[in-house]
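*Asks:* The structure is given below, and queries will be raised subsequently.
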Amino acid sequence: MNEANSQQNSSNFLDINKILAVLRKRKKTIIISTLVCAFLMLFMSVFVISPKYSSSTDILVNRKVDNQVNAQAQLQADVQMISTYKDIITSPTILNAVSTQLKDQGFNMTPANIKSCISISNQQNSQVFTVAVKAKNPQLAAAIANTTANVFKVKVKKIMSVNNVSILSKAEENPKPVSPKVVLNTLIGLIVGCVLGLFLAFIFDSMDRTITDESFITEELGLNDLGIINEIPANKVKRMISSKRIASRGTRKRRV
């Protein structure tokens with residue numbers, strides 16, 4: 001049993017050494033792949049992907065109730081109404097009016113384009129929901145958010161026959177883009193490039209048929225090992241030839 005465990009450990013150690021050898025041999029492939037992918041992601045984030053700017057406004061749903069007994073029930077009703085209001089605020093009735101008012105402000109946006117820019121969220125059991133907008137410039141993002149909130153506040157009175165909507169905060173222009181995230185995208189490029197480099201390293205190594213180990217000749221092919229011929233670098237050969245020429249010239253001068 002101990003001998004079997006020892007052989008297994010030895011085999012695992014050899015496998016690890018083989019993997020490390022491949023990584024050392026193909027390190028240029030891994031480095032180049034990592035740098036290329038990181039550069040491509042950086043280039044796309046800075047020059048290709050259009051920046052997006054975000055702006056948001058908060059809307060409160062709260063109907064005034066004189067009777068304190070019904071206050072809690074009305075609170076739950078207002079919270080449940082938010083789900084309905086989320087659908088109403090992105091309906092054609094609201095967005096068509098928003099599109100018309102945006103044209104008066106100098107922004108040409110169709111209802112479909114406005115809907116694609118808007119996202120609505122709220123916390124659980126909260127009477128406040130947020131209308132967030134992402135657009136190609138900060139002025140447009142703030143204009144869409146504020147116009148949508150104002151139109152919704154006016155229209156919902158007629159649609160639901162209630163007056164329980166208030167605008168808590170207006171959207172402001174944010175000059176800092178929220179996307180693309182250059183640093184994050186570059187890090188993703190580094191990781192993807194490193195993984196791709198490792199994959200290519202093992203692919204190239206598996207396709208390499210060069211014999212680098214004499215044990216392959218004796219054990220795998222069953223041939224006899226006749227000897228080893230060491231490789232001499234070309235620059236060393238040139239130095240040896242030039243030194244011999246200099247020595248031969250010196251010998252000729254002495255003879256003369």
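By order in the structure tokens, chains are A, B, ...; within a chain, residues start at 1; ligands start at 1, following the order shown.
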Please list as a PyMOL selection string every residue within 10 Å of range 102-112 of chain A, counting only C-alpha atoms and excluding residues in the same chain fewer than 4 positions away.
*Replies:* chain A and resi 90-98+116-117+139-140+143-144+147-148
*Asks:* List as a compact mmCIF listing (two decimals) with N, CA and C atoms, in the first residue's frame the protein and nucleic acid residues near Tyr53 in chain A, meaning an atom at most 12 Å away when only C-alpha atoms are counted, but skip any in the same chain fewer than 3 places from it.
*Replies:*
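Final file, result02.txt:
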```
# COMPACT_ATOMS: atom_id res chain seq x y z
N SER A 50 -19.53 53.91 -26.33
CA SER A 50 -20.01 55.26 -26.00
C SER A 50 -20.28 55.36 -24.51
N SER A 56 -31.18 60.34 -11.61
CA SER A 56 -32.35 59.70 -11.03
C SER A 56 -33.18 60.68 -10.21
N CYS A 117 -34.16 53.68 -21.83
CA CYS A 117 -33.23 54.40 -20.95
C CYS A 117 -33.65 54.34 -19.48
N ALA A 132 -34.55 55.90 -12.50
CA ALA A 132 -33.17 56.12 -12.92
C ALA A 132 -33.08 56.08 -14.44
N VAL A 133 -32.25 56.96 -14.99
CA VAL A 133 -32.13 57.08 -16.45
C VAL A 133 -30.67 57.05 -16.83
N LYS A 134 -30.35 56.28 -17.87
CA LYS A 134 -29.02 56.27 -18.46
C LYS A 134 -29.13 56.79 -19.88
N ALA A 135 -28.30 57.78 -20.21
CA ALA A 135 -28.34 58.39 -21.54
C ALA A 135 -26.94 58.75 -22.00
N LYS A 136 -26.84 59.23 -23.25
CA LYS A 136 -25.53 59.50 -23.85
C LYS A 136 -24.88 60.78 -23.35
N ASN A 137 -25.65 61.64 -22.67
CA ASN A 137 -25.06 62.83 -22.07
C ASN A 137 -25.80 63.18 -20.79
N PRO A 138 -25.17 63.86 -19.85
CA PRO A 138 -25.79 64.12 -18.53
C PRO A 138 -27.02 65.02 -18.63
N GLN A 139 -27.05 65.94 -19.58
CA GLN A 139 -28.21 66.83 -19.71
C GLN A 139 -29.45 66.05 -20.13
N LEU A 140 -29.28 65.13 -21.07
CA LEU A 140 -30.41 64.32 -21.53
C LEU A 140 -30.90 63.40 -20.43
N ALA A 141 -29.99 62.79 -19.67
CA ALA A 141 -30.39 61.89 -18.58
C ALA A 141 -31.23 62.62 -17.55
N ALA A 142 -30.80 63.80 -17.13
CA ALA A 142 -31.56 64.58 -16.14
C ALA A 142 -32.89 65.03 -16.71
N ALA A 143 -32.91 65.43 -17.99
CA ALA A 143 -34.16 65.90 -18.60
C ALA A 143 -35.19 64.78 -18.70
N ILE A 144 -34.76 63.58 -19.08
CA ILE A 144 -35.70 62.46 -19.18
C ILE A 144 -36.27 62.11 -17.81
N ALA A 145 -35.41 62.06 -16.79
CA ALA A 145 -35.86 61.69 -15.44
C ALA A 145 -36.86 62.71 -14.90
N GLU A 172 -30.45 65.54 -11.09
CA GLU A 172 -29.42 66.52 -11.38
C GLU A 172 -28.41 65.93 -12.38
N GLU A 173 -27.78 66.82 -13.12
CA GLU A 173 -26.78 66.39 -14.10
C GLU A 173 -25.53 65.87 -13.40
N ASN A 174 -25.12 64.69 -13.80
CA ASN A 174 -23.90 64.08 -13.25
C ASN A 174 -22.87 63.96 -14.37
N PRO A 175 -21.82 64.79 -14.33
CA PRO A 175 -20.85 64.80 -15.44
C PRO A 175 -19.95 63.56 -15.50
N LYS A 176 -19.99 62.72 -14.48
CA LYS A 176 -19.14 61.54 -14.45
C LYS A 176 -19.88 60.35 -15.07
N PRO A 177 -19.35 59.75 -16.13
CA PRO A 177 -20.05 58.62 -16.76
C PRO A 177 -20.06 57.39 -15.85
N VAL A 178 -21.14 56.63 -15.94
CA VAL A 178 -21.26 55.41 -15.15
C VAL A 178 -20.81 54.18 -15.92
N SER A 179 -20.68 54.32 -17.23
CA SER A 179 -20.17 53.23 -18.07
C SER A 179 -19.56 53.83 -19.33
N PRO A 180 -18.60 53.15 -19.94
CA PRO A 180 -18.01 51.88 -19.50
C PRO A 180 -17.04 52.06 -18.33
N LYS A 181 -16.85 51.01 -17.56
CA LYS A 181 -15.90 51.03 -16.44
C LYS A 181 -14.54 50.59 -16.97
```
*Asks:* So which bits of range 23-116 of chain A end up helix (DSSP H, G or I) when you DSSP the backbone, as number ranges by chain?
*Replies:* A: 23-25, 27-48, 68-89, 92-104, 111-116
*Asks:* Filtering to C-alpha atoms, could you give me those residues as a compact mmCIF listing (two decimals), in the first residue's frame?
*Replies:*
```txt
# COMPACT_ATOMS: atom_id res chain seq x y z
CA LEU A 23 4.30 27.24 -18.67
CA ARG A 24 7.99 28.18 -18.66
CA LYS A 25 8.41 27.18 -22.28
CA LYS A 27 5.53 32.07 -21.17
CA LYS A 28 5.87 34.45 -24.12
CA THR A 29 2.57 33.20 -25.54
CA ILE A 30 0.84 33.73 -22.19
CA ILE A 31 2.30 37.21 -21.71
CA ILE A 32 1.48 38.35 -25.26
CA SER A 33 -2.09 37.01 -25.07
CA THR A 34 -2.67 38.72 -21.71
CA LEU A 35 -1.33 42.08 -22.90
CA VAL A 36 -3.21 41.97 -26.22
CA CYS A 37 -6.58 41.21 -24.59
CA ALA A 38 -6.05 43.87 -21.92
CA PHE A 39 -5.10 46.46 -24.57
CA LEU A 40 -8.13 45.58 -26.71
CA MET A 41 -10.50 45.97 -23.75
CA LEU A 42 -8.84 49.27 -22.80
CA PHE A 43 -9.05 50.54 -26.39
CA MET A 44 -12.72 49.56 -26.72
CA SER A 45 -13.62 51.11 -23.35
CA VAL A 46 -11.95 54.42 -24.19
CA PHE A 47 -12.50 54.83 -27.94
CA VAL A 48 -15.26 52.44 -29.09
CA GLN A 68 -55.59 57.42 12.17
CA VAL A 69 -57.29 54.02 12.29
CA ASN A 70 -57.13 53.65 8.52
CA ALA A 71 -53.61 55.08 8.25
CA GLN A 72 -51.85 51.69 8.43
CA ALA A 73 -54.21 50.12 5.90
CA GLN A 74 -53.71 53.06 3.57
CA LEU A 75 -49.94 52.75 3.96
CA GLN A 76 -50.04 49.14 2.80
CA ALA A 77 -52.30 50.12 -0.08
CA ASP A 78 -49.84 52.79 -1.23
CA VAL A 79 -46.94 50.33 -1.07
CA GLN A 80 -48.87 47.85 -3.18
CA MET A 81 -49.77 50.61 -5.65
CA ILE A 82 -46.10 51.08 -6.53
CA SER A 83 -46.14 47.89 -8.62
CA THR A 84 -48.97 49.35 -10.65
CA TYR A 85 -47.26 52.72 -10.90
CA LYS A 86 -44.12 51.04 -12.31
CA ASP A 87 -46.18 49.77 -15.23
CA ILE A 88 -47.99 53.07 -15.71
CA ILE A 89 -44.84 55.17 -15.78
CA PRO A 92 -47.32 54.82 -23.94
CA THR A 93 -49.69 57.28 -22.23
CA ILE A 94 -46.84 58.66 -20.14
CA LEU A 95 -43.95 58.21 -22.57
CA ASN A 96 -45.72 59.86 -25.52
CA ALA A 97 -46.24 62.98 -23.42
CA VAL A 98 -42.62 62.80 -22.20
CA SER A 99 -41.38 62.55 -25.79
CA THR A 100 -43.38 65.64 -26.79
CA GLN A 101 -42.06 67.71 -23.88
CA LEU A 102 -38.48 66.60 -24.53
CA LYS A 103 -38.75 67.86 -28.12
CA ASP A 104 -39.73 71.26 -26.74
CA PRO A 111 -41.15 56.74 -26.62
CA ALA A 112 -39.30 53.47 -27.35
CA ASN A 113 -35.92 55.13 -26.83
CA ILE A 114 -37.08 56.72 -23.59
CA LYS A 115 -38.36 53.38 -22.28
CA SER A 116 -35.01 51.72 -23.01
```
*Asks:* Could you find all residues in range 30-143 of chain A that DSSP calls strand (DSSP E) from the backbone, and write them as a PyMOL selection string?
*Replies:* chain A and resi 53-61+118-122+128-135
*Asks:* Please produce an output containing C-alpha atoms for each residue in the selection, written as a PDB file, in the first residue's frame.
*Replies:*
```pdb
ATOM      1  CA  TYR A  53     -24.437  59.081 -17.890  1.00  0.00           C
ATOM      2  CA  SER A  54     -26.946  58.425 -15.124  1.00  0.00           C
ATOM      3  CA  SER A  55     -29.460  60.590 -13.316  1.00  0.00           C
ATOM      4  CA  SER A  56     -32.354  59.698 -11.027  1.00  0.00           C
ATOM      5  CA  THR A  57     -35.369  61.152  -9.266  1.00  0.00           C
ATOM      6  CA  ASP A  58     -37.283  59.839  -6.225  1.00  0.00           C
ATOM      7  CA  ILE A  59     -41.092  59.686  -6.147  1.00  0.00           C
ATOM      8  CA  LEU A  60     -43.156  59.277  -2.984  1.00  0.00           C
ATOM      9  CA  VAL A  61     -46.497  57.486  -2.928  1.00  0.00           C
ATOM     10  CA  ILE A 118     -35.484  54.125 -17.871  1.00  0.00           C
ATOM     11  CA  SER A 119     -35.170  51.684 -14.977  1.00  0.00           C
ATOM     12  CA  ILE A 120     -37.421  51.757 -11.903  1.00  0.00           C
ATOM     13  CA  SER A 121     -36.564  50.353  -8.473  1.00  0.00           C
ATOM     14  CA  ASN A 122     -37.738  50.516  -4.880  1.00  0.00           C
ATOM     15  CA  VAL A 128     -40.570  55.643  -2.377  1.00  0.00           C
ATOM     16  CA  PHE A 129     -39.504  54.409  -5.786  1.00  0.00           C
ATOM     17  CA  THR A 130     -36.665  55.678  -7.939  1.00  0.00           C
ATOM     18  CA  VAL A 131     -36.732  56.493 -11.636  1.00  0.00           C
ATOM     19  CA  ALA A 132     -33.166  56.117 -12.919  1.00  0.00           C
ATOM     20  CA  VAL A 133     -32.134  57.083 -16.448  1.00  0.00           C
ATOM     21  CA  LYS A 134     -29.015  56.270 -18.457  1.00  0.00           C
ATOM     22  CA  ALA A 135     -28.343  58.387 -21.540  1.00  0.00           C
TER      23      ALA A 135
END
```
*Asks:* Pick from A:Val151, A:Val22, A:Val182, A:Ile167: nearest to Ala201 in chain A, with only C-alpha atoms counted?
*Replies:*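 Of A:Val151, A:Val22, A:Val182, A:Ile167, the one nearest Ala201 in chain A is A:Val22, counting only C-alpha atoms.
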*Asks:* Which value, in Å to one decimal, gives the distance between CA of Val154 in chain A and CA of Ser126 in chain A?
*Replies:*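 Answer for the CA of Val154 in chain A to CA of Ser126 in chain A separation: 21.7 Å.
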